[in-house]
Amino acid sequence: MTELVTLYQQGAVLQITLQRPEKKNALNQAMYLQLTAALEQAADDKSVGAVLITGSSDSFSSGNDLADFVAMADKPEGLAPVMEFLHRLAAFPKPMIAAVNGLAIGIGTTMLLHCDLVYACPEAKFQLPFVDLGLVPEGGSSLLLPNMLGHQKASELLLLAERFNAETAYRLGLVNQLVNVDELQHHAMEQAEKLASKPPLALQAAKQMIKSHRQMGLSEVIDIEGREFATKLKQQEARAALAAFLQRR
């Protein structure tokens, strides 16, 4: 069976790669479980000083696998694997760097809000299409984006839900730097190695201090979003929107 999430440690940097290129690295339940396990492992492993997350082939992540997501919502445990991953991601204590090598849609964008450094190739595309799918923002984005960008710009991204390019992501501060795709992984690894080489206790304390102003209430917001998301996912409006999207695709 092909691994959907692969781990590779280079020195003190653990690289997590989404490995579902035929689906543009769309996340399914198995991937959420594997990602949560990888973050738990990295948090507890003293040999890991930083984490680099990226996607295989030409995409970071095209978002949730919508068919899998609907099936997951109909199970007794619901979206528990997703929620566990989001909480683990939000509370991850070590530096996390993202290398965005293409599409970053839905969770592919909201995941970046929890990373400390984000590098993207100029061809990368971003979108938060939740409302268009009859759903609501997730991953703490309804709190984090207004705090980062202000109410109007966050509303533009979350309510209009239009796709935006890497230059816009950089201008908004969602991306630290644009790097040519053939140099992206190397550059992101270099930056991760720089962070991993620093005194770990001081580094983690500094990260916690930087995030402290926005961490207050974040866990609760993620839960509120998750409950509303699960409710919307079961309603006819979302089912119709998702069915139309899947038919178009």
# chains A, B, ... in the order shown; residues from 1 in each chain; ligands from 1

call {"tool": "residues_around", "arguments": {"residues": "region 139-144 of chain A", "least_positions_apart": "6", "cutoff": "6 Å", "atoms": "only C-alpha atoms", "output": "VMD selection string"}}
result
chain A and resid 86 110 221 to 222

call {"tool": "write_last_selection", "arguments": {"atoms": "C-alpha atoms", "output": "compact mmCIF listing (two decimals), in the first residue's frame"}}
result
# COMPACT_ATOMS: atom_id res chain seq x y z
CA LEU A 86 -6.25 20.79 13.62
CA THR A 110 -5.68 27.33 6.40
CA VAL A 221 -12.81 28.73 17.78
CA ILE A 222 -11.55 25.59 16.04

call {"tool": "closest_atom_pairs", "arguments": {"of": "region 120-155 of chain A", "to": "region 47-62 of chain A", "cutoff": "12 Å", "atoms": "only C-alpha atoms", "output": "tab-separated table"}}
result
residue	atom	partner	partner_atom	distance
A:Ala120	CA	A:Phe60	CA	9.5
A:Cys121	CA	A:Asp58	CA	10.3
A:Glu123	CA	A:Asp58	CA	9.7
A:Ala124	CA	A:Ser59	CA	8.1
A:Lys125	CA	A:Ser59	CA	9.2
A:Phe126	CA	A:Ser62	CA	9.1
A:Gln127	CA	A:Ser62	CA	9.2
A:Leu128	CA	A:Ser62	CA	10.6
A:Pro129	CA	A:Ser62	CA	10.9

call {"tool": "residues_around", "arguments": {"residues": "Leu233 (chain A)", "least_positions_apart": "2", "cutoff": "9 Å", "atoms": "only C-alpha atoms", "output": "JSON, numbers by chain"}}
result
{"A": [69, 70, 73, 134, 135, 228, 229, 230, 231, 235, 236, 237, 238, 239]}

call {"tool": "write_last_selection", "arguments": {"atoms": "N, CA and C atoms", "output": "CSV table (one decimal), in the first residue's frame"}}
result
chain,number,residue,atom,x,y,z
A,69,PHE,N,-14.8,13.2,2.6
A,69,PHE,CA,-15.2,14.1,3.7
A,69,PHE,C,-16.7,13.9,4.0
A,70,VAL,N,-17.5,13.8,3.0
A,70,VAL,CA,-19.0,13.6,3.2
A,70,VAL,C,-19.2,12.2,3.8
A,73,ALA,N,-18.3,12.4,7.5
A,73,ALA,CA,-19.2,13.1,8.3
A,73,ALA,C,-20.4,12.2,8.7
A,134,GLY,N,-21.1,25.6,0.4
A,134,GLY,CA,-22.2,25.5,1.4
A,134,GLY,C,-21.6,25.2,2.8
A,135,LEU,N,-20.3,25.5,3.0
A,135,LEU,CA,-19.7,25.2,4.3
A,135,LEU,C,-19.2,26.5,5.0
A,228,GLU,N,-20.0,23.7,13.4
A,228,GLU,CA,-20.8,24.3,12.4
A,228,GLU,C,-20.5,23.7,11.0
A,229,PHE,N,-19.2,23.4,10.8
A,229,PHE,CA,-18.8,22.7,9.5
A,229,PHE,C,-19.5,21.4,9.4
A,230,ALA,N,-19.5,20.6,10.5
A,230,ALA,CA,-20.1,19.3,10.5
A,230,ALA,C,-21.6,19.4,10.2
A,231,THR,N,-22.3,20.4,10.8
A,231,THR,CA,-23.7,20.6,10.7
A,231,THR,C,-24.0,21.0,9.2
A,235,GLN,N,-26.3,19.3,5.6
A,235,GLN,CA,-27.5,19.9,5.1
A,235,GLN,C,-27.5,19.9,3.6
A,236,GLN,N,-28.7,20.0,3.1
A,236,GLN,CA,-29.0,19.8,1.6
A,236,GLN,C,-28.2,20.9,0.8
A,237,GLU,N,-28.1,22.1,1.4
A,237,GLU,CA,-27.4,23.1,0.6
A,237,GLU,C,-25.9,22.7,0.3
A,238,ALA,N,-25.3,22.2,1.3
A,238,ALA,CA,-23.9,21.8,1.1
A,238,ALA,C,-23.8,20.5,0.2
A,239,ARG,N,-24.7,19.6,0.5
A,239,ARG,CA,-24.7,18.4,-0.3
A,239,ARG,C,-24.9,18.7,-1.8

call {"tool": "closest_residue", "arguments": {"among": "A:Glu40, A:Pro122, A:Phe85, A:Val13", "to": "Val181 (chain A)", "atoms": "only C-alpha atoms"}}
result
A:Pro122
